[in-house]
Amino acid sequence: MEPTLKTDIAVIGGGPAGLAAAVAARAAGAERVLVLEREPVAGGILNQCIHDGFGLVRFGEALTGPEYADRFLRAAQEAEVQILTETMTLELTAERRLTALGPQGLFAAEAGAVILAMGCRERARGAIQIPGTRPAGIFTAGTAQHYLNAQNLMPGRRALILGSGDVGLIMARRLTLEGAEVLAVVEKLPYAGGLARNIAQCLEDYDIPLYLSHTVTHIEGKQRVERVTVARVDEAGREVPGTARVYACDTLILSVGLIPENELSLKAGVKLSPVTGGALVDEDLQTNVPGIFACGNALHVHDLVDYASAEAEQAARSAVAFCRGEAALPPGIPVRPAAGVRYVVPFFARPGSRPLLSLRVSAPAGPGRLVVKAGEQVLAARKFTRLLPSEMARLTPRLPVPPGAAEMEVLVSDA
Amino acid sequence: MPEKEMRCIICPAGCVLRLSYDADGPALLALSGADCTRGREYAEQELTDPRRTLTSTVKVRGGRFPLVSVRSAAPLPKHLLRPAIALLRDLWAEAPVEAGSVLLDDILGTGTPLLATRAVPSQAIKSAMIAL
Amino acid sequence: MEKHFDVLIIGGGAVGCAVARELSRYDLTIALAEKESDVARGTSGKNSAVVHAGFNNPPGSLAARLCVEGCAGFAAACRELGVPYKRTGKLVVATETQDLPALERLLAQGRRNGVPDLALWTPEQARERLPSLSCHGALWSGTTAITNPLLYTIALAENAQANGVEFFLDFPVDGITRMEDGFIVRAGRRRLRADWLVNAAGLYSDLVAAWAGDDGHRIYPCRGEYLILDKQAAELLGTPVYPVPRPGIGGLGVHLTPTVDGNILIGPSAEYIDSRSDDGTTAAVMALLWTEAARLLPALAQSRVIASYAGLRAKTVPAGAADFGDFIAEHSSKVPKLINLVGIESPGLTASLPLARLVARLLGGQLPLRPRADFRPERQRAQRFRDMTPEAQRAAAAADPATREIVCRCETVTRREILDALDNPLGVQNLTGVKARSRAMTGRCQGGYCQQRIVAVLRNEYGLKPEDLRLNGPESWLFAGEVK
């Protein structure tokens, strides 16, 4: 199909990352910036996140999700970004050609650079293989949030929540306030998956128990959920015999992880990290496919939207530089997560650069130091009192990557 | 002199605050564990008059979406959250709703208004595209 | 007065629907009663979706004969009915050297059954087809195929209905009375009357026979669990791979099967249970399936499971029995005008149309079967958007606004396809029905994206109230109502 649309920058996804990227691309001098958004209104998942607490880092205010999105929507309007809503991108090639379907029909577009900002999806029951029947009444937390906040639909009356991710915690409070009974939140790991402030204001405020090192071992119910069995697990995640408890409930909410959305990226030949599920980017947030950049939750799942927006702006500046032909540099050296660190983004950094490193620890840590090294040389060391796997740490090394270094590593040390 | 621990909910850092206080009053006497000055403000507030921002939804007549998301313009006394939610059950907004528009002047005598947090244009949509 | 039919079929699985469709060729009044809210909700929808060649069953058995006949005619039936069909062939592999003699026995059995295109392959030949395969030798069957058993059963039902068969869904038969002039079949207070009964009740076929007065049958349910893998694993497997069947295990052994939609199935296990309805999965078996699958195809270890399910086999022999339980398809020896189809487990899907023709012959011996001039065997089915060429996609989108909206992103299903699924002739308007017909909600996100859109369509375009939305059966409510 002949391309009917040509653009300097194509942004796939009009959520917080995509909108921030589009605005930043215009600010960096891109003439034509196109956002492809599948919903009728841009803003992404923020539109259903009606609680407050967004924008504390960026704006110093506790905005609700729709309010945070609105700031970027207005900025995009002022910057004359073209947003195609109700438009699903179906194909992406390594040559940065897109096929999309929307109100104007099926069309092809060609972009100078592409920014992947598709966000993430929720892990479903099948992926964690909870034994039992398959009745109605099992919802992922985000789906339940959508029904409750957008469609005015009550998912159930007596709910148990599996997983202590932030969406699950937020839903515990929302369901309680709207009249449902939340029996407990159970978490397989020995620590919570969501932010501490959400444990306090979503669970403790409403006396909802949180059971760590517990999981759902069985679902019963012929047509609708009738009973859910919860048991304690040991360090290896195995059920501890004799600890099973049965909860009579009609609803099971799953908040068991988010997975970056990258089916399109794969079609274009973008290589993904098995750890983050996002693209293997360099310090410019460029993927292995030249001219294709990634940011936001499509790159790695963020703890705060503020950082997703900031990351998107960085990707946009790199994408604009690529369009100008500035970014033809040699590949960087690997950035490796070492002791205590689960992942680090970016995955590659060029000698001479001081890449912004986003990382998560693999288990609760602290007090200690985050150390960035190249060989024996320490590029950065930052003290911290505590770091949880639910939080993303961000760190820019004081010293640039030295020439000739074989790899960088980021680790947690005691002292 | 009683002591207690609480989790600061002002920002994502989620500091663990350790308070000692005078139970009569009650009044904050000493505080540790806060990484910034807002921790003290929070601890004092939480000790004397705990407050939370109310966020929920209100039904919309003639709108593109069935609900509009709302918030209290300022935090409300914690004990008023449930009564306030009950109040919203019977409230209707008329489309079009502007973001930031006042849907209720005074929530339960607190003097705090209820605001829409997004715009809801008129007319319902008839497609699989849904209210997000 | 309740409706009176010439023939009432009890059971809306592949076999019952095939019987309905086959009998609709003749000048008869026909009804089909199904206890669930849709057809293919039992064993027919929960199996490996394989069209078997017919080498697994003992020579001379009814199962062997009908399976070979069914396999030979399956492609044509799928073309006629608009159902996906793919001739993949199949490999039975010897994972140990001591399995090799069993391959020879299967080959000989297959040849005696009249199965074409069978051959013994060396490990090298097998690996030419499936490079990551671990084996000492294999039996190749060239006529084995895969289909979509849900769409197959639905197509049979829809075609039967178009030819005049009346479907009674949510009709859980709980009693049968024999009268002078036929049977009264009850479900609670609802009643149907018929001269003839065809018992195609699968797991409940012994009970249905007994209610009609024939207590000569017994069903032993045998559960099989499956895992479904993400499509990203599809390139690993273009052909079903089975281990050598071991006697007495209740099935063909845990095997790997590609689906027509590009997923991989692992399973089934075989576990005799007391319940006819407990199709729940278990932690122990799910772990076992992984181990067994990795033995056949070690490369699978990296794949992702997107869903799991279990189905129940309707066996006529109990656990540990050395005897093979053949299909029973005959006039009841005790009750006149009752035709029993009992113990129709694998390869029942493959044999469904031959079984239906057998029923027609049994009836024909006692009833005048006059072919109807207006019988139409074809069922039209719109091409899926994702299967179209880009040019056809562009034209379809240009012509129809509902084709410009993707509702299910994982399987690329348009709103038009959702509407088509909801406008189905059987009148099924629940989420599982949409899933079976459109493939929405079957992908890697398992409905995380599209279920809420389908709910919106059901409310906005079909006027369903929140409390009337169902996953499948009448008790499977999705919402407690509106929030406010």
# chains A, B, ... in the order shown; residues from 1 in each chain; ligands from 1
>>> residues_around(residues="region 93-97 of chain B", least_positions_apart="5", cutoff="8 Å", atoms="only C-alpha atoms", output="list in words")
Val58, Lys59, Val60, Arg61, Gly62, Gly63, Val68, Leu103, Ala116, Arg118, Ala119, Val120, Pro121 and Ser122 of chain B
>>> write_last_selection(atoms="N, CA and C atoms", output="compact mmCIF listing (two decimals), in the first residue's frame")
# COMPACT_ATOMS: atom_id res chain seq x y z
N VAL B 58 -19.48 10.74 39.27
CA VAL B 58 -20.86 11.22 39.31
C VAL B 58 -21.50 10.88 37.97
N LYS B 59 -22.75 10.49 38.02
CA LYS B 59 -23.47 10.14 36.79
C LYS B 59 -23.68 11.37 35.91
N VAL B 60 -23.66 11.15 34.60
CA VAL B 60 -23.84 12.26 33.66
C VAL B 60 -25.06 11.98 32.79
N ARG B 61 -25.92 12.98 32.63
CA ARG B 61 -27.06 12.87 31.72
C ARG B 61 -26.68 13.43 30.36
N GLY B 62 -26.94 12.64 29.31
CA GLY B 62 -26.72 13.14 27.95
C GLY B 62 -25.26 13.29 27.57
N GLY B 63 -24.40 12.57 28.27
CA GLY B 63 -22.97 12.72 28.00
C GLY B 63 -22.43 11.63 27.11
N VAL B 68 -18.66 11.02 35.15
CA VAL B 68 -17.56 11.99 35.15
C VAL B 68 -16.79 11.77 36.45
N LEU B 103 -19.43 20.82 40.75
CA LEU B 103 -20.65 20.01 40.68
C LEU B 103 -21.45 20.09 41.97
N ALA B 116 -15.34 18.50 38.91
CA ALA B 116 -15.15 17.51 37.86
C ALA B 116 -13.67 17.51 37.48
N ARG B 118 -12.51 15.91 34.70
CA ARG B 118 -12.32 15.81 33.26
C ARG B 118 -13.55 16.35 32.57
N ALA B 119 -13.43 16.56 31.28
CA ALA B 119 -14.56 17.05 30.49
C ALA B 119 -15.37 15.87 29.98
N VAL B 120 -16.69 16.03 29.97
CA VAL B 120 -17.56 15.04 29.31
C VAL B 120 -18.42 15.78 28.30
N PRO B 121 -18.12 15.61 27.02
CA PRO B 121 -18.92 16.29 25.99
C PRO B 121 -20.31 15.68 25.89
N SER B 122 -21.18 16.37 25.21
CA SER B 122 -22.54 15.85 25.00
C SER B 122 -22.53 14.69 24.02
>>> select_by_dssp(residues="region 68-117 of chain C", states="strand (DSSP E or B)", output="JSON, numbers by chain")
{"C": [85, 86, 90, 91, 92, 93]}
>>> write_last_selection(atoms="N, CA and C atoms", output="CSV table (one decimal), in the first residue's frame")
chain,number,residue,atom,x,y,z
C,85,TYR,N,-9.8,-25.6,8.6
C,85,TYR,CA,-9.3,-27.0,8.6
C,85,TYR,C,-7.9,-26.9,8.0
C,86,LYS,N,-7.0,-27.6,8.6
C,86,LYS,CA,-5.6,-27.5,8.1
C,86,LYS,C,-5.0,-28.9,8.2
C,90,LYS,N,0.7,-35.7,11.3
C,90,LYS,CA,1.0,-35.9,12.7
C,90,LYS,C,2.2,-36.8,12.9
C,91,LEU,N,2.9,-36.6,14.0
C,91,LEU,CA,4.0,-37.5,14.3
C,91,LEU,C,3.7,-38.1,15.7
C,92,VAL,N,3.8,-39.5,15.7
C,92,VAL,CA,3.8,-40.2,17.0
C,92,VAL,C,5.3,-40.5,17.2
C,93,VAL,N,5.9,-40.1,18.3
C,93,VAL,CA,7.3,-40.2,18.4
C,93,VAL,C,7.7,-41.2,19.5
>>> residues_around(residues="Leu133 (chain C)", least_positions_apart="4", cutoff="8 Å", atoms="only C-alpha atoms", output="PyMOL selection string")
chain C and resi 126-127+296-298
>>> write_last_selection(atoms="N, CA and C atoms", output="compact mmCIF listing (two decimals), in the first residue's frame")
# COMPACT_ATOMS: atom_id res chain seq x y z
N ALA C 126 12.19 -37.14 10.92
CA ALA C 126 11.27 -36.41 11.80
C ALA C 126 11.79 -35.00 12.07
N ARG C 127 13.10 -34.91 12.25
CA ARG C 127 13.66 -33.59 12.57
C ARG C 127 13.66 -32.67 11.35
N LEU C 296 9.08 -33.88 25.00
CA LEU C 296 8.88 -34.01 23.56
C LEU C 296 9.59 -32.91 22.79
N LEU C 297 9.53 -31.69 23.32
CA LEU C 297 10.05 -30.54 22.58
C LEU C 297 10.72 -29.59 23.59
N PRO C 298 11.99 -29.86 23.88
CA PRO C 298 12.66 -29.08 24.93
C PRO C 298 12.61 -27.57 24.67
>>> closest_residue(among="C:Thr414, C:Ser205, C:Asn430, C:Ser61", to="Asp468 (chain C)", atoms="only C-alpha atoms")
C:Asn430
>>> select_by_dssp(residues="region 94-135 of chain C", states="helix (DSSP H, G or I)", output="PyMOL selection string")
chain C and resi 97-113+123-129
>>> closest_atom_pairs(of="chain B", to="chain A", cutoff="8 Å", atoms="only C-alpha atoms", output="tab-separated table")
residue	atom	partner	partner_atom	distance
B:Arg7	CA	A:Ala200	CA	6.3
B:Cys8	CA	A:Arg197	CA	6.6
B:Ile9	CA	A:Arg197	CA	4.6
B:Ile10	CA	A:Arg197	CA	7.8
B:Cys11	CA	A:Leu56	CA	6.8
B:Pro12	CA	A:Arg197	CA	6.4
B:Ala13	CA	A:Arg197	CA	7.9
B:Gly14	CA	A:Arg197	CA	5.2
B:Thr53	CA	A:Asp52	CA	7.7
B:Thr55	CA	A:His51	CA	5.5
B:Ser56	CA	A:Ile50	CA	6.9
B:Thr57	CA	A:Asn149	CA	6.7
B:Phe65	CA	A:Ala150	CA	7.3
B:Pro66	CA	A:Gln151	CA	6.4
B:Leu67	CA	A:Ala150	CA	6.1
B:Val68	CA	A:Ala150	CA	7.9
B:Ser69	CA	A:Ile50	CA	6.0
B:Val70	CA	A:Ile50	CA	7.5
B:Arg82	CA	A:Leu177	CA	6.5
B:Ile85	CA	A:Leu177	CA	7.0
B:Thr117	CA	A:Glu67	CA	5.8
B:Arg118	CA	A:Pro66	CA	5.8
B:Met129	CA	A:Pro40	CA	6.5
B:Ile130	CA	A:Pro40	CA	7.7
B:Ala131	CA	A:Ala150	CA	5.4
B:Leu132	CA	A:Asn47	CA	5.5
>>> write_last_selection(atoms="N, CA, C and O atoms", output="JSON list (two decimals), in the first residue's frame")
[["chain", "number", "residue", "atom", "x", "y", "z"],
["B", 7, "ARG", "N", 2.83, 5.87, 58.29],
["B", 7, "ARG", "CA", 3.45, 5.98, 56.97],
["B", 7, "ARG", "C", 3.02, 7.30, 56.35],
["B", 7, "ARG", "O", 1.82, 7.57, 56.23],
["B", 8, "CYS", "N", 3.97, 8.14, 56.02],
["B", 8, "CYS", "CA", 3.63, 9.41, 55.37],
["B", 8, "CYS", "C", 3.11, 9.13, 53.96],
["B", 8, "CYS", "O", 3.74, 8.40, 53.19],
["B", 9, "ILE", "N", 1.97, 9.71, 53.63],
["B", 9, "ILE", "CA", 1.37, 9.42, 52.31],
["B", 9, "ILE", "C", 1.43, 10.64, 51.40],
["B", 9, "ILE", "O", 0.79, 10.68, 50.35],
["B", 10, "ILE", "N", 2.22, 11.65, 51.79],
["B", 10, "ILE", "CA", 2.25, 12.88, 50.99],
["B", 10, "ILE", "C", 2.94, 12.66, 49.64],
["B", 10, "ILE", "O", 2.53, 13.21, 48.63],
["B", 11, "CYS", "N", 3.99, 11.86, 49.61],
["B", 11, "CYS", "CA", 4.67, 11.64, 48.33],
["B", 11, "CYS", "C", 5.05, 10.17, 48.22],
["B", 11, "CYS", "O", 4.94, 9.42, 49.18],
["B", 12, "PRO", "N", 5.50, 9.75, 47.04],
["B", 12, "PRO", "CA", 5.79, 8.33, 46.83],
["B", 12, "PRO", "C", 6.93, 7.78, 47.69],
["B", 12, "PRO", "O", 7.05, 6.58, 47.81],
["B", 13, "ALA", "N", 7.73, 8.66, 48.31],
["B", 13, "ALA", "CA", 8.82, 8.15, 49.15],
["B", 13, "ALA", "C", 8.25, 7.31, 50.29],
["B", 13, "ALA", "O", 8.86, 6.32, 50.69],
["B", 14, "GLY", "N", 7.10, 7.69, 50.84],
["B", 14, "GLY", "CA", 6.43, 6.89, 51.87],
["B", 14, "GLY", "C", 7.27, 6.71, 53.12],
["B", 14, "GLY", "O", 7.45, 5.59, 53.60],
["B", 53, "THR", "N", -8.23, 13.34, 50.37],
["B", 53, "THR", "CA", -8.94, 13.86, 49.20],
["B", 53, "THR", "C", -9.97, 12.82, 48.75],
["B", 53, "THR", "O", -9.64, 11.63, 48.66],
["B", 55, "THR", "N", -12.00, 11.11, 45.93],
["B", 55, "THR", "CA", -12.11, 10.96, 44.47],
["B", 55, "THR", "C", -13.15, 9.89, 44.20],
["B", 55, "THR", "O", -13.15, 8.84, 44.84],
["B", 56, "SER", "N", -14.04, 10.18, 43.28],
["B", 56, "SER", "CA", -15.08, 9.21, 42.92],
["B", 56, "SER", "C", -15.65, 9.62, 41.55],
["B", 56, "SER", "O", -14.95, 10.28, 40.77],
["B", 57, "THR", "N", -16.90, 9.24, 41.32],
["B", 57, "THR", "CA", -17.53, 9.55, 40.04],
["B", 57, "THR", "C", -18.95, 10.05, 40.29],
["B", 57, "THR", "O", -19.53, 9.79, 41.34],
["B", 65, "PHE", "N", -19.88, 9.95, 27.93],
["B", 65, "PHE", "CA", -19.56, 8.88, 28.88],
["B", 65, "PHE", "C", -20.63, 8.87, 29.98],
["B", 65, "PHE", "O", -21.19, 9.90, 30.29],
["B", 66, "PRO", "N", -20.87, 7.71, 30.58],
["B", 66, "PRO", "CA", -21.92, 7.65, 31.60],
["B", 66, "PRO", "C", -21.52, 8.31, 32.93],
["B", 66, "PRO", "O", -22.38, 8.62, 33.74],
["B", 67, "LEU", "N", -20.22, 8.47, 33.16],
["B", 67, "LEU", "CA", -19.75, 8.99, 34.44],
["B", 67, "LEU", "C", -18.75, 10.12, 34.20],
["B", 67, "LEU", "O", -18.05, 10.13, 33.18],
["B", 68, "VAL", "N", -18.66, 11.02, 35.15],
["B", 68, "VAL", "CA", -17.56, 11.99, 35.15],
["B", 68, "VAL", "C", -16.79, 11.77, 36.45],
["B", 68, "VAL", "O", -17.38, 11.54, 37.51],
["B", 69, "SER", "N", -15.46, 11.79, 36.34],
["B", 69, "SER", "CA", -14.64, 11.63, 37.54],
["B", 69, "SER", "C", -14.62, 12.95, 38.30],
["B", 69, "SER", "O", -14.64, 14.03, 37.71],
["B", 70, "VAL", "N", -14.60, 12.84, 39.64],
["B", 70, "VAL", "CA", -14.68, 14.03, 40.48],
["B", 70, "VAL", "C", -13.67, 13.94, 41.62],
["B", 70, "VAL", "O", -13.18, 12.87, 41.95],
["B", 82, "ARG", "N", -17.02, 8.33, 53.57],
["B", 82, "ARG", "CA", -18.13, 7.43, 53.23],
["B", 82, "ARG", "C", -19.45, 8.17, 53.09],
["B", 82, "ARG", "O", -20.17, 7.95, 52.10],
["B", 85, "ILE", "N", -19.38, 9.88, 49.73],
["B", 85, "ILE", "CA", -19.59, 8.95, 48.61],
["B", 85, "ILE", "C", -21.08, 8.63, 48.49],
["B", 85, "ILE", "O", -21.64, 8.58, 47.39],
["B", 117, "THR", "N", -13.10, 16.31, 37.29],
["B", 117, "THR", "CA", -11.67, 16.27, 36.96],
["B", 117, "THR", "C", -11.43, 16.03, 35.48],
["B", 117, "THR", "O", -10.30, 15.95, 35.03],
["B", 118, "ARG", "N", -12.51, 15.91, 34.70],
["B", 118, "ARG", "CA", -12.32, 15.81, 33.26],
["B", 118, "ARG", "C", -13.55, 16.35, 32.57],
["B", 118, "ARG", "O", -14.60, 16.54, 33.20],
["B", 129, "MET", "N", -16.04, 1.64, 21.03],
["B", 129, "MET", "CA", -15.19, 2.62, 21.68],
["B", 129, "MET", "C", -15.88, 3.03, 22.96],
["B", 129, "MET", "O", -17.06, 3.36, 22.96],
["B", 130, "ILE", "N", -15.13, 3.01, 24.04],
["B", 130, "ILE", "CA", -15.82, 3.12, 25.30],
["B", 130, "ILE", "C", -15.32, 4.29, 26.10],
["B", 130, "ILE", "O", -14.36, 4.93, 25.77],
["B", 131, "ALA", "N", -16.04, 4.50, 27.17],
["B", 131, "ALA", "CA", -15.74, 5.62, 28.05],
["B", 131, "ALA", "C", -14.44, 5.37, 28.77],
["B", 131, "ALA", "O", -14.36, 4.56, 29.67],
["B", 132, "LEU", "N", -13.41, 6.06, 28.39],
["B", 132, "LEU", "CA", -12.14, 5.92, 29.11],
["B", 132, "LEU", "C", -11.75, 7.25, 29.71],
["B", 132, "LEU", "O", -11.99, 8.27, 29.15]]
>>> interface_residues(of="chain C", to="chain B", cutoff="7 Å", atoms="only C-alpha atoms", output="NGL selection string")
:C and (407 or 415 or 453-454 or 456-457 or 460-461 or 484)
>>> interface_residues(of="chain A", to="chain C", cutoff="7 Å", atoms="only C-alpha atoms", output="PyMOL selection string")
chain A and resi 88+101-103+105-106+122+124+126-127+129+131-133+135-137+143+148+152-157+178+223-224
>>> closest_residue(among="C:Ala63, C:Leu367, C:Val198, C:Leu118", to="Val19 (chain C)", atoms="only C-alpha atoms")
C:Val198
>>> atom_distance(atom1="CA of Ala360 (chain C)", atom2="CA of Thr29 (chain C)")
13.8 Å
>>> residues_around(residues="Pro331 (chain A)", least_positions_apart="5", cutoff="9 Å", atoms="only C-alpha atoms", output="list in words")
Asp282, Phe348, Ala349 and Arg350 of chain A
>>> write_last_selection(atoms="N, CA, C and O atoms", output="compact mmCIF listing (two decimals), in the first residue's frame")
# COMPACT_ATOMS: atom_id res chain seq x y z
N ASP A 282 19.44 1.91 23.82
CA ASP A 282 20.69 2.52 24.25
C ASP A 282 20.39 3.79 25.05
O ASP A 282 19.23 4.05 25.37
N PHE A 348 22.45 -0.26 26.86
CA PHE A 348 23.75 0.05 26.25
C PHE A 348 24.04 1.53 26.47
O PHE A 348 23.11 2.35 26.53
N ALA A 349 25.32 1.87 26.61
CA ALA A 349 25.70 3.27 26.77
C ALA A 349 27.01 3.50 26.03
O ALA A 349 27.90 2.63 26.04
N ARG A 350 27.13 4.64 25.37
CA ARG A 350 28.34 4.92 24.60
C ARG A 350 29.41 5.56 25.49
O ARG A 350 29.08 6.37 26.36
